Each structure stands twice: as structure tokens, then as C-alpha cells.
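What follows is upload-v1.pdb (PDB, C-alpha atoms and all ligand atoms).
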```
ATOM      1  CA  MET A   1      -9.259  20.941  -2.830  1.00  0.00           C
ATOM      2  CA  LYS A   2      -8.903  18.074  -0.447  1.00  0.00           C
ATOM      3  CA  THR A   3      -7.860  14.576  -1.411  1.00  0.00           C
ATOM      4  CA  THR A   4      -8.217  12.587   1.773  1.00  0.00           C
ATOM      5  CA  ILE A   5      -9.383   9.337   3.310  1.00  0.00           C
ATOM      6  CA  GLU A   6     -11.294   9.899   6.529  1.00  0.00           C
ATOM      7  CA  LEU A   7     -11.933   7.055   8.949  1.00  0.00           C
ATOM      8  CA  GLU A   8     -14.379   8.120  11.633  1.00  0.00           C
ATOM      9  CA  ASN A   9     -15.085   6.048  14.720  1.00  0.00           C
ATOM     10  CA  ILE A  10     -14.655   2.803  12.862  1.00  0.00           C
ATOM     11  CA  SER A  11     -14.809  -0.619  14.423  1.00  0.00           C
ATOM     12  CA  HIS A  12     -13.974  -3.977  12.912  1.00  0.00           C
ATOM     13  CA  GLU A  13     -14.464  -7.588  13.887  1.00  0.00           C
ATOM     14  CA  PHE A  14     -14.435 -11.044  12.323  1.00  0.00           C
ATOM     15  CA  THR A  15     -17.011 -13.608  13.330  1.00  0.00           C
ATOM     16  CA  THR A  16     -16.132 -17.233  12.747  1.00  0.00           C
ATOM     17  CA  ASP A  17     -18.010 -20.402  13.803  1.00  0.00           C
ATOM     18  CA  ARG A  18     -16.069 -20.485  17.049  1.00  0.00           C
ATOM     19  CA  GLU A  19     -15.372 -16.913  18.026  1.00  0.00           C
ATOM     20  CA  CYS A  20     -15.700 -13.215  17.415  1.00  0.00           C
ATOM     21  CA  ILE A  21     -12.365 -11.459  16.909  1.00  0.00           C
ATOM     22  CA  ARG A  22     -12.670  -7.757  17.795  1.00  0.00           C
ATOM     23  CA  LEU A  23      -9.838  -5.802  16.216  1.00  0.00           C
ATOM     24  CA  PHE A  24     -10.652  -2.218  17.114  1.00  0.00           C
ATOM     25  CA  GLU A  25     -13.425   0.106  18.142  1.00  0.00           C
ATOM     26  CA  ASP A  26     -13.940   3.847  17.804  1.00  0.00           C
ATOM     27  CA  LEU A  27     -10.811   4.349  15.729  1.00  0.00           C
ATOM     28  CA  SER A  28     -10.369   7.554  13.714  1.00  0.00           C
ATOM     29  CA  MET A  29      -7.630   8.691  11.351  1.00  0.00           C
ATOM     30  CA  THR A  30      -7.131  10.829   8.260  1.00  0.00           C
ATOM     31  CA  ILE A  31      -4.847  10.036   5.348  1.00  0.00           C
ATOM     32  CA  ARG A  32      -3.762  12.941   3.142  1.00  0.00           C
ATOM     33  CA  THR A  33      -1.871  13.319  -0.091  1.00  0.00           C
ATOM     34  CA  GLY A  34       1.643  14.653   0.383  1.00  0.00           C
ATOM     35  CA  GLN A  35       2.054  12.728   3.644  1.00  0.00           C
ATOM     36  CA  THR A  36       3.699   9.445   4.487  1.00  0.00           C
ATOM     37  CA  GLN A  37       2.403   7.357   7.378  1.00  0.00           C
ATOM     38  CA  ALA A  38       3.565   4.083   8.888  1.00  0.00           C
ATOM     39  CA  ILE A  39       1.273   1.776  10.868  1.00  0.00           C
ATOM     40  CA  VAL A  40       3.171  -0.380  13.343  1.00  0.00           C
ATOM     41  CA  GLY A  41       2.176  -2.753  16.126  1.00  0.00           C
ATOM     42  CA  PRO A  42       2.273  -6.414  17.141  1.00  0.00           C
ATOM     43  CA  SER A  43       1.300  -9.264  14.883  1.00  0.00           C
ATOM     44  CA  GLY A  44      -2.446  -9.812  14.796  1.00  0.00           C
ATOM     45  CA  ALA A  45      -3.294  -6.290  16.021  1.00  0.00           C
ATOM     46  CA  GLY A  46      -5.247  -5.624  12.816  1.00  0.00           C
ATOM     47  CA  LYS A  47      -2.802  -3.458  10.829  1.00  0.00           C
ATOM     48  CA  SER A  48      -3.463  -5.165   7.479  1.00  0.00           C
ATOM     49  CA  SER A  49      -7.209  -5.044   8.126  1.00  0.00           C
ATOM     50  CA  LEU A  50      -6.970  -1.319   8.857  1.00  0.00           C
ATOM     51  CA  LEU A  51      -4.995  -0.789   5.645  1.00  0.00           C
ATOM     52  CA  SER A  52      -7.628  -2.729   3.646  1.00  0.00           C
ATOM     53  CA  ILE A  53     -10.381  -0.567   5.097  1.00  0.00           C
ATOM     54  CA  ALA A  54      -8.486   2.665   4.388  1.00  0.00           C
ATOM     55  CA  ALA A  55      -7.843   1.512   0.811  1.00  0.00           C
ATOM     56  CA  GLY A  56     -11.512   0.749   0.198  1.00  0.00           C
ATOM     57  CA  LEU A  57     -10.842  -2.975  -0.212  1.00  0.00           C
ATOM     58  CA  GLU A  58     -12.971  -3.900   2.777  1.00  0.00           C
ATOM     59  CA  ALA A  59     -15.786  -2.134   4.656  1.00  0.00           C
ATOM     60  CA  PRO A  60     -15.507  -1.755   8.441  1.00  0.00           C
ATOM     61  CA  THR A  61     -18.089  -3.430  10.649  1.00  0.00           C
ATOM     62  CA  GLY A  62     -19.033  -0.041  12.110  1.00  0.00           C
ATOM     63  CA  GLY A  63     -18.316   3.656  11.672  1.00  0.00           C
ATOM     64  CA  THR A  64     -17.818   5.808   8.598  1.00  0.00           C
ATOM     65  CA  VAL A  65     -15.175   5.912   5.894  1.00  0.00           C
ATOM     66  CA  ARG A  66     -15.174   8.822   3.434  1.00  0.00           C
ATOM     67  CA  PHE A  67     -13.003   9.153   0.361  1.00  0.00           C
ATOM     68  CA  PHE A  68     -12.391  12.553  -1.264  1.00  0.00           C
ATOM     69  CA  LEU A  69     -10.574  13.125  -4.558  1.00  0.00           C
ATOM     70  CA  ASP A  70     -10.059  16.813  -5.420  1.00  0.00           C
ATOM     71  CA  GLY A  71     -12.890  17.758  -3.076  1.00  0.00           C
ATOM     72  CA  THR A  72     -15.377  15.237  -4.497  1.00  0.00           C
ATOM     73  CA  ASN A  73     -16.773  12.516  -2.239  1.00  0.00           C
ATOM     74  CA  VAL A  74     -16.132   9.281  -4.194  1.00  0.00           C
ATOM     75  CA  ASP A  75     -16.981   5.614  -3.653  1.00  0.00           C
ATOM     76  CA  ALA A  76     -14.493   2.871  -2.712  1.00  0.00           C
ATOM     77  CA  ARG A  77     -14.205   1.668  -6.325  1.00  0.00           C
ATOM     78  CA  THR A  78     -13.136   5.110  -7.549  1.00  0.00           C
ATOM     79  CA  LEU A  79     -10.678   5.406  -4.655  1.00  0.00           C
ATOM     80  CA  ARG A  80      -9.181   2.024  -5.574  1.00  0.00           C
ATOM     81  CA  ALA A  81      -8.842   3.099  -9.210  1.00  0.00           C
ATOM     82  CA  ASN A  82      -6.802   6.057  -7.947  1.00  0.00           C
ATOM     83  CA  SER A  83      -4.595   3.989  -5.662  1.00  0.00           C
ATOM     84  CA  GLY A  84      -1.503   1.832  -6.016  1.00  0.00           C
ATOM     85  CA  PHE A  85      -0.765  -1.289  -3.974  1.00  0.00           C
ATOM     86  CA  ILE A  86       2.515  -2.885  -2.899  1.00  0.00           C
ATOM     87  CA  PHE A  87       2.537  -6.265  -1.152  1.00  0.00           C
ATOM     88  CA  GLN A  88       5.112  -8.391   0.670  1.00  0.00           C
ATOM     89  CA  GLN A  89       4.841 -11.135  -1.982  1.00  0.00           C
ATOM     90  CA  PHE A  90       5.279  -8.726  -4.949  1.00  0.00           C
ATOM     91  CA  HIS A  91       2.225 -10.150  -6.819  1.00  0.00           C
ATOM     92  CA  LEU A  92       3.596  -9.657 -10.329  1.00  0.00           C
ATOM     93  CA  MET A  93       1.874 -11.455 -13.220  1.00  0.00           C
ATOM     94  CA  PRO A  94       4.098 -14.532 -13.782  1.00  0.00           C
ATOM     95  CA  GLU A  95       3.348 -14.830 -17.499  1.00  0.00           C
ATOM     96  CA  LEU A  96       4.290 -11.204 -18.272  1.00  0.00           C
ATOM     97  CA  ASP A  97       7.844  -9.880 -18.503  1.00  0.00           C
ATOM     98  CA  ALA A  98       9.017  -6.871 -16.460  1.00  0.00           C
ATOM     99  CA  ILE A  99       7.945  -4.247 -18.986  1.00  0.00           C
ATOM    100  CA  GLY A 100       4.646  -6.075 -19.581  1.00  0.00           C
ATOM    101  CA  ASN A 101       3.905  -6.020 -15.847  1.00  0.00           C
ATOM    102  CA  LEU A 102       4.629  -2.296 -15.713  1.00  0.00           C
ATOM    103  CA  ALA A 103       2.571  -1.484 -18.784  1.00  0.00           C
ATOM    104  CA  LEU A 104      -0.447  -3.506 -17.639  1.00  0.00           C
ATOM    105  CA  PRO A 105      -2.188  -0.914 -15.405  1.00  0.00           C
ATOM    106  CA  LEU A 106      -1.810   1.699 -18.142  1.00  0.00           C
ATOM    107  CA  ARG A 107      -3.041  -0.659 -20.866  1.00  0.00           C
ATOM    108  CA  LEU A 108      -6.102  -1.450 -18.735  1.00  0.00           C
ATOM    109  CA  LYS A 109      -6.808   2.287 -18.668  1.00  0.00           C
ATOM    110  CA  GLY A 110      -6.416   2.450 -22.464  1.00  0.00           C
ATOM    111  CA  ALA A 111      -3.136   4.410 -22.549  1.00  0.00           C
ATOM    112  CA  ARG A 112      -1.583   4.194 -26.014  1.00  0.00           C
ATOM    113  CA  ASP A 113       1.908   4.988 -24.768  1.00  0.00           C
ATOM    114  CA  ALA A 114       1.778   2.326 -22.018  1.00  0.00           C
ATOM    115  CA  PHE A 115       5.030   0.652 -23.115  1.00  0.00           C
ATOM    116  CA  ASP A 116       6.890   3.971 -23.497  1.00  0.00           C
ATOM    117  CA  GLN A 117       5.882   5.004 -19.977  1.00  0.00           C
ATOM    118  CA  ALA A 118       6.775   1.524 -18.709  1.00  0.00           C
ATOM    119  CA  ALA A 119      10.238   1.862 -20.295  1.00  0.00           C
ATOM    120  CA  ASP A 120      10.714   5.232 -18.567  1.00  0.00           C
ATOM    121  CA  TRP A 121       9.788   3.699 -15.213  1.00  0.00           C
ATOM    122  CA  LEU A 122      12.044   0.701 -15.781  1.00  0.00           C
ATOM    123  CA  ALA A 123      14.918   3.135 -16.287  1.00  0.00           C
ATOM    124  CA  LYS A 124      13.895   5.056 -13.182  1.00  0.00           C
ATOM    125  CA  VAL A 125      14.088   1.917 -11.043  1.00  0.00           C
ATOM    126  CA  GLY A 126      17.363   0.869 -12.695  1.00  0.00           C
ATOM    127  CA  LEU A 127      16.071  -2.222 -14.471  1.00  0.00           C
ATOM    128  CA  SER A 128      16.102  -1.283 -18.169  1.00  0.00           C
ATOM    129  CA  ASP A 129      18.308  -4.278 -18.914  1.00  0.00           C
ATOM    130  CA  ARG A 130      15.712  -6.625 -17.368  1.00  0.00           C
ATOM    131  CA  ALA A 131      12.755  -5.521 -19.537  1.00  0.00           C
ATOM    132  CA  ARG A 132      12.240  -8.938 -21.130  1.00  0.00           C
ATOM    133  CA  HIS A 133      12.764 -10.955 -17.943  1.00  0.00           C
ATOM    134  CA  ARG A 134       9.779 -12.661 -16.349  1.00  0.00           C
ATOM    135  CA  PRO A 135       9.304 -12.459 -12.550  1.00  0.00           C
ATOM    136  CA  HIS A 136      10.866 -15.896 -11.863  1.00  0.00           C
ATOM    137  CA  GLN A 137      14.025 -14.666 -13.609  1.00  0.00           C
ATOM    138  CA  LEU A 138      14.325 -11.682 -11.257  1.00  0.00           C
ATOM    139  CA  SER A 139      15.561 -11.467  -7.664  1.00  0.00           C
ATOM    140  CA  GLY A 140      13.120 -10.566  -4.882  1.00  0.00           C
ATOM    141  CA  GLY A 141      14.514  -7.036  -4.732  1.00  0.00           C
ATOM    142  CA  GLU A 142      14.193  -6.618  -8.489  1.00  0.00           C
ATOM    143  CA  GLN A 143      10.620  -7.924  -8.412  1.00  0.00           C
ATOM    144  CA  GLN A 144       9.763  -5.450  -5.663  1.00  0.00           C
ATOM    145  CA  ARG A 145      11.298  -2.558  -7.654  1.00  0.00           C
ATOM    146  CA  ILE A 146       8.977  -3.513 -10.521  1.00  0.00           C
ATOM    147  CA  ALA A 147       6.043  -3.745  -8.089  1.00  0.00           C
ATOM    148  CA  VAL A 148       6.843  -0.278  -6.678  1.00  0.00           C
ATOM    149  CA  ALA A 149       7.058   1.179 -10.194  1.00  0.00           C
ATOM    150  CA  ARG A 150       3.796  -0.562 -11.125  1.00  0.00           C
ATOM    151  CA  ALA A 151       2.074   1.000  -8.110  1.00  0.00           C
ATOM    152  CA  PHE A 152       3.238   4.504  -9.038  1.00  0.00           C
ATOM    153  CA  ILE A 153       2.949   4.304 -12.830  1.00  0.00           C
ATOM    154  CA  SER A 154      -0.677   5.457 -13.026  1.00  0.00           C
ATOM    155  CA  ASN A 155       0.103   8.509 -10.902  1.00  0.00           C
ATOM    156  CA  PRO A 156      -2.269   7.478  -8.077  1.00  0.00           C
ATOM    157  CA  SER A 157      -3.391   9.737  -5.249  1.00  0.00           C
ATOM    158  CA  PHE A 158      -2.585   7.081  -2.628  1.00  0.00           C
ATOM    159  CA  ILE A 159      -0.195   4.154  -2.290  1.00  0.00           C
ATOM    160  CA  PHE A 160      -0.864   1.367   0.220  1.00  0.00           C
ATOM    161  CA  ALA A 161       2.046  -0.887   1.104  1.00  0.00           C
ATOM    162  CA  ASP A 162       1.636  -3.982   3.301  1.00  0.00           C
ATOM    163  CA  GLU A 163       4.998  -5.230   4.631  1.00  0.00           C
ATOM    164  CA  PRO A 164       6.755  -4.164   1.416  1.00  0.00           C
ATOM    165  CA  THR A 165      10.190  -5.193   2.699  1.00  0.00           C
ATOM    166  CA  GLY A 166       9.093  -8.266   4.664  1.00  0.00           C
ATOM    167  CA  ASN A 167      10.705 -10.701   2.198  1.00  0.00           C
ATOM    168  CA  LEU A 168      13.937  -8.806   1.575  1.00  0.00           C
ATOM    169  CA  ASP A 169      17.363  -8.630   3.209  1.00  0.00           C
ATOM    170  CA  ALA A 170      18.432  -5.488   5.072  1.00  0.00           C
ATOM    171  CA  ARG A 171      20.339  -3.844   2.231  1.00  0.00           C
ATOM    172  CA  THR A 172      17.641  -4.516  -0.375  1.00  0.00           C
ATOM    173  CA  SER A 173      14.991  -3.285   2.085  1.00  0.00           C
ATOM    174  CA  GLU A 174      16.853   0.021   2.396  1.00  0.00           C
ATOM    175  CA  SER A 175      16.885   0.521  -1.352  1.00  0.00           C
ATOM    176  CA  ILE A 176      13.180  -0.364  -1.714  1.00  0.00           C
ATOM    177  CA  ALA A 177      12.340   2.012   1.154  1.00  0.00           C
ATOM    178  CA  SER A 178      14.293   4.852  -0.474  1.00  0.00           C
ATOM    179  CA  LEU A 179      12.594   4.175  -3.791  1.00  0.00           C
ATOM    180  CA  MET A 180       9.101   4.238  -2.240  1.00  0.00           C
ATOM    181  CA  PHE A 181       9.678   7.386  -0.190  1.00  0.00           C
ATOM    182  CA  ASP A 182      11.435   9.212  -3.050  1.00  0.00           C
ATOM    183  CA  CYS A 183       8.598   8.382  -5.451  1.00  0.00           C
ATOM    184  CA  ALA A 184       5.951   9.378  -2.891  1.00  0.00           C
ATOM    185  CA  ARG A 185       7.636  12.727  -2.210  1.00  0.00           C
ATOM    186  CA  GLU A 186       8.217  13.377  -5.905  1.00  0.00           C
ATOM    187  CA  THR A 187       4.621  12.609  -6.914  1.00  0.00           C
ATOM    188  CA  GLY A 188       2.999  14.120  -3.804  1.00  0.00           C
ATOM    189  CA  CYS A 189       0.784  11.083  -3.239  1.00  0.00           C
ATOM    190  CA  GLY A 190      -0.240   9.835   0.211  1.00  0.00           C
ATOM    191  CA  LEU A 191       1.745   6.764   1.268  1.00  0.00           C
ATOM    192  CA  VAL A 192       0.571   4.384   3.995  1.00  0.00           C
ATOM    193  CA  ILE A 193       2.870   1.535   4.995  1.00  0.00           C
ATOM    194  CA  VAL A 194       2.160  -1.339   7.357  1.00  0.00           C
ATOM    195  CA  THR A 195       5.456  -2.647   8.664  1.00  0.00           C
ATOM    196  CA  HIS A 196       7.311  -4.441  11.444  1.00  0.00           C
ATOM    197  CA  SER A 197      10.522  -2.706  10.406  1.00  0.00           C
ATOM    198  CA  ARG A 198      11.518   0.162  12.688  1.00  0.00           C
ATOM    199  CA  ARG A 199      13.965   1.463  10.108  1.00  0.00           C
ATOM    200  CA  LEU A 200      11.247   1.641   7.473  1.00  0.00           C
ATOM    201  CA  ALA A 201       8.696   3.205   9.836  1.00  0.00           C
ATOM    202  CA  ALA A 202      11.259   5.801  10.953  1.00  0.00           C
ATOM    203  CA  GLN A 203      11.330   7.258   7.438  1.00  0.00           C
ATOM    204  CA  ALA A 204       7.612   8.121   7.432  1.00  0.00           C
ATOM    205  CA  ASP A 205       6.361  11.597   8.389  1.00  0.00           C
ATOM    206  CA  THR A 206       4.175  10.030  11.102  1.00  0.00           C
ATOM    207  CA  ARG A 207       3.974   6.678  12.856  1.00  0.00           C
ATOM    208  CA  LEU A 208       0.770   5.191  14.261  1.00  0.00           C
ATOM    209  CA  HIS A 209       0.905   2.297  16.701  1.00  0.00           C
ATOM    210  CA  LEU A 210      -2.012  -0.144  16.706  1.00  0.00           C
ATOM    211  CA  GLU A 211      -2.258  -2.425  19.715  1.00  0.00           C
ATOM    212  CA  ALA A 212      -5.140  -3.914  21.693  1.00  0.00           C
ATOM    213  CA  GLY A 213      -7.654  -2.001  19.586  1.00  0.00           C
ATOM    214  CA  LYS A 214      -6.048   1.400  20.159  1.00  0.00           C
ATOM    215  CA  LEU A 215      -4.364   3.533  17.518  1.00  0.00           C
ATOM    216  CA  GLU A 216      -1.910   6.061  18.925  1.00  0.00           C
ATOM    217  CA  MET A 217       0.774   8.338  17.558  1.00  0.00           C
ATOM    218  CA  ALA A 218       4.140   6.692  18.091  1.00  0.00           C
ATOM    219  CA  ALA A 219       7.534   8.324  18.531  1.00  0.00           C
TER     220      ALA A 219
HETATM  221  N1  LIG B   1     -11.020 -12.832   6.906  1.00  0.00           N
HETATM  222  C1  LIG B   1     -10.761 -13.082   8.183  1.00  0.00           C
HETATM  223  N2  LIG B   1     -11.554 -13.903   8.907  1.00  0.00           N
HETATM  224  C2  LIG B   1     -11.309 -14.144  10.216  1.00  0.00           C
HETATM  225  N3  LIG B   1     -10.283 -13.581  10.910  1.00  0.00           N
HETATM  226  C3  LIG B   1      -9.459 -12.760  10.234  1.00  0.00           C
HETATM  227  C4  LIG B   1      -9.638 -12.460   8.844  1.00  0.00           C
HETATM  228  N4  LIG B   1      -8.663 -11.598   8.469  1.00  0.00           N
HETATM  229  C5  LIG B   1      -7.903 -11.379   9.556  1.00  0.00           C
HETATM  230  N5  LIG B   1      -8.378 -12.075  10.616  1.00  0.00           N
HETATM  231  C6  LIG B   1      -7.826 -12.069  11.973  1.00  0.00           C
HETATM  232  O1  LIG B   1      -7.777 -10.732  12.427  1.00  0.00           O
HETATM  233  C7  LIG B   1      -6.604 -10.516  13.187  1.00  0.00           C
HETATM  234  C8  LIG B   1      -5.839  -9.319  12.624  1.00  0.00           C
HETATM  235  O2  LIG B   1      -5.276  -9.668  11.344  1.00  0.00           O
HETATM  236  P1  LIG B   1      -4.385  -8.635  10.524  1.00  0.00           P
HETATM  237  O3  LIG B   1      -3.791  -9.400   9.394  1.00  0.00           O
HETATM  238  O4  LIG B   1      -5.170  -7.439  10.213  1.00  0.00           O
HETATM  239  O5  LIG B   1      -3.269  -8.279  11.610  1.00  0.00           O
HETATM  240  P2  LIG B   1      -1.828  -7.623  11.440  1.00  0.00           P
HETATM  241  O6  LIG B   1      -1.645  -6.668  12.559  1.00  0.00           O
HETATM  242  O7  LIG B   1      -1.674  -7.086  10.059  1.00  0.00           O
HETATM  243  O8  LIG B   1      -0.884  -8.890  11.648  1.00  0.00           O
HETATM  244  P3  LIG B   1       0.582  -9.225  11.034  1.00  0.00           P
HETATM  245  O9  LIG B   1       1.517  -8.164  11.536  1.00  0.00           O
HETATM  246  O10 LIG B   1       0.892 -10.570  11.610  1.00  0.00           O
HETATM  247  O11 LIG B   1       0.445  -9.252   9.540  1.00  0.00           O
HETATM  248  C9  LIG B   1      -5.829 -11.806  13.185  1.00  0.00           C
HETATM  249  O12 LIG B   1      -6.095 -12.487  14.406  1.00  0.00           O
HETATM  250  C10 LIG B   1      -6.397 -12.563  12.018  1.00  0.00           C
HETATM  251  O13 LIG B   1      -6.331 -13.954  12.220  1.00  0.00           O
END
```

Would you mind giving the structure from this file in C-alpha cells?
Ligand SMILES: Nc1ncnc2c1ncn2[C@@H]1O[C@H](COP(=O)(O)OP(=O)(O)OP(=O)(O)O)[C@@H](O)[C@H]1O
Amino acid sequence: MKTTIELENISHEFTTDRECIRLFEDLSMTIRTGQTQAIVGPSGAGKSSLLSIAAGLEAPTGGTVRFFLDGTNVDARTLRANSGFIFQQFHLMPELDAIGNLALPLRLKGARDAFDQAADWLAKVGLSDRARHRPHQLSGGEQQRIAVARAFISNPSFIFADEPTGNLDARTSESIASLMFDCARETGCGLVIVTHSRRLAAQADTRLHLEAGKLEMAA
């Protein structure tokens, strides 16, 4: 049974006091579990906006977005509850330690073994010895490993990553990329990454290039 996100002929624009910014028109794409996709293109083309729409965080100005989980048409809220998010700025809770950050999504869902699962994931991302460290005591790469684990810990159908390596050096970026793609392939979720990094985009099954309102398959 299909678990997909279907964007059909969507358009999006922002109207401010001074101007109307048209990002795209008549854009269609499908996101599936078991597939990894990168969205590339120049700054300001609307990549993050497209990701927000696909993730059900924002509604497009026009067109249709449909979310299916195991064949059932669900609303954006349900899609979001079945999705994980990874951001450039990590967005960990500063007052919680590493294991507390990892356990949080599970605790919010009422899981009794939240801390046991969090400990397993900490080991998986190689940070067991940092369990009691708070985000400001961790390097950027370590914080992003926690953020990647936090995104995957609830076994989501989809992961959305917006410039996940944008704040990291080349070597750390490589290790975060490997971690994300390995986890996505292991869990069979759908992974969508917005990135300016060619090396990161090259690891995805497909690459889509967004520029001047047009979304095209890229090499
Ligand atoms: N809430 C908003 N109100 C008005 N304009 C917005 C809003 N959000 C985004 N924009 C504008 O829409 C355009 C596309 O932004 P978006 O962040 O989606 O692009 P992007 O391709 O992800 O860029 P980058 O690669 O620089 O992150 C930009 O010109 C931005 O200023």
C-alpha cells in the first residue's frame, strides 16, 4: 500500500507590502518511501519553501498536495507526526542533554522505553560517552549526529532535511551524509534533502533542480 506525498500542479508565492514574489507555478512531484531525493538550485529559488510544502508545514498558494500513509489519505498534521526533520542549525533543546534530546520525541508519544531506545541510538551514532552533555558542550558535528538520530528515532515514513551539512566542515559533512543515507536505506523511509552541496546531492537516488520556477531532473 502506497506511502507517498503527491504534489500536483502546485504554485507558491509570497505577497508583501511592496511586492509579490512568485516562486513556482504548475510544479508536480511525488515523494516515496524507500527513495532518496535531493533538491538543488540557486539561492532564493524556493527550495526550502518547496520542502515545507512537501512536509505539510505550509500550504501552497495553488494546486493540490496529497499525503498517503499505508494507502490512507491523511491530513498534513498526521503526515508531520510521521515525519522527521533535520535543519542546518541543529535545533536541539538547549536545556536537555544528548540522551534527553533523543528521548523527547518518544516521550511525547508516551513510549515507556524512551531512554532505552535513546541509548541505543546514541550508540548507533557513536556518542554513548556524550549522553549527559548538553548541546553547547558538543561540537557542531556531534549536535547534528544527535539531530539525525532524533529525526529517525520515531521510525518516521519521511525525513526532510534542509541544508543538513551547511554549518559543517567537509569531513564532518561526509560523515553526517553517510549517517543520513545509511539510516534512510536501513529504515526504508523517504528522504528529501535540500542542499547546495554537490557531494551530498550526488548520493541521492534522484536530483531535482529548481530554478526560475521550474523543477527538472538533474544529472
Ligand atoms: N515568509 C516569507 N515571506 C516573504 N517572502 C519569503 C518568505 N519565505 C521565503 N520568502 C522568499 O521566497 C524566496 C525563496 O525562499 P526559499 O528560502 O524557499 O529559497 P531557497 O531556494 O531555499 O534559498 P536558499 O538556498 O538561499 O536557502 C526568497 O526570495 C525569500 O526571500

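Checking A:Gly188, A:Phe90, A:Asn82, A:Ala76 one by one against Leu168 of chain A, counting only C-alpha atoms, you find the shortest gap at A:Phe90.
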
In Å, how far is it from atom CA of Phe160 of chain A to atom CA of Gly213 of chain A?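 Going from atom CA of Phe160 of chain A over to atom CA of Gly213 of chain A covers 20.8 Å.
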
For the structure shown, which residues end up in the PyMOL selection byres (((chain A and resi 133) around 10) and not hetatm)? Put them as a PyMOL selection string, please? chain A and resi 96-100+127+129-132+134-138

At a cut-off of 9 Å from (0.6, 1.7, 8.0) in the coordinates of the file, what residues are picked up using only C-alpha atoms, written as an mmCIF file with C-alpha atoms, in the coordinates of the input?
```
data_model
loop_
_atom_site.group_PDB
_atom_site.id
_atom_site.type_symbol
_atom_site.label_atom_id
_atom_site.label_comp_id
_atom_site.auth_asym_id
_atom_site.auth_seq_id
_atom_site.Cartn_x
_atom_site.Cartn_y
_atom_site.Cartn_z
ATOM 1 C CA GLN A 37 2.403 7.357 7.378
ATOM 2 C CA ALA A 38 3.565 4.083 8.888
ATOM 3 C CA ILE A 39 1.273 1.776 10.868
ATOM 4 C CA VAL A 40 3.171 -0.380 13.343
ATOM 5 C CA LYS A 47 -2.802 -3.458 10.829
ATOM 6 C CA SER A 48 -3.463 -5.165 7.479
ATOM 7 C CA LEU A 50 -6.970 -1.319 8.857
ATOM 8 C CA LEU A 51 -4.995 -0.789 5.645
ATOM 9 C CA PHE A 160 -0.864 1.367 0.220
ATOM 10 C CA ALA A 161 2.046 -0.887 1.104
ATOM 11 C CA ASP A 162 1.636 -3.982 3.301
ATOM 12 C CA GLU A 163 4.998 -5.230 4.631
ATOM 13 C CA LEU A 191 1.745 6.764 1.268
ATOM 14 C CA VAL A 192 0.571 4.384 3.995
ATOM 15 C CA ILE A 193 2.870 1.535 4.995
ATOM 16 C CA VAL A 194 2.160 -1.339 7.357
ATOM 17 C CA THR A 195 5.456 -2.647 8.664
ATOM 18 C CA ALA A 201 8.696 3.205 9.836
ATOM 19 C CA ARG A 207 3.974 6.678 12.856
ATOM 20 C CA LEU A 208 0.770 5.191 14.261
ATOM 21 C CA HIS A 209 0.905 2.297 16.701
#
```

Coordinates-based distance that separates atom O8 of ligand LIG 1 (chain B) from atom CA of Ser11 of chain A (Å, one decimal): 16.4 Å

The PyMOL selection byres (((not hetatm)) within 7 of (chain B and resi 1)) applied to the shown file, residues as a count of residues only: 16

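Across the structure, atom CA of Ala204 of chain A and atom CA of Gly71 of chain A are spaced 25.0 Å apart.
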
Build an axis-aligned box that encloses every atom of segment 105-108 of chain A listed in the file, pad it by 4 Å on each side, and report its centre and edge lengths in Å to one decimal, as JSON.
```
{"center_x": -4.0, "center_y": 0.1, "center_z": -18.1, "size_x": 12.3, "size_y": 11.1, "size_z": 13.5}
```

Counting all atoms listed in the file, the option among A:Leu106, A:Cys20, A:Ile146, A:Leu7 closest to Gly63 of chain A: A:Leu7
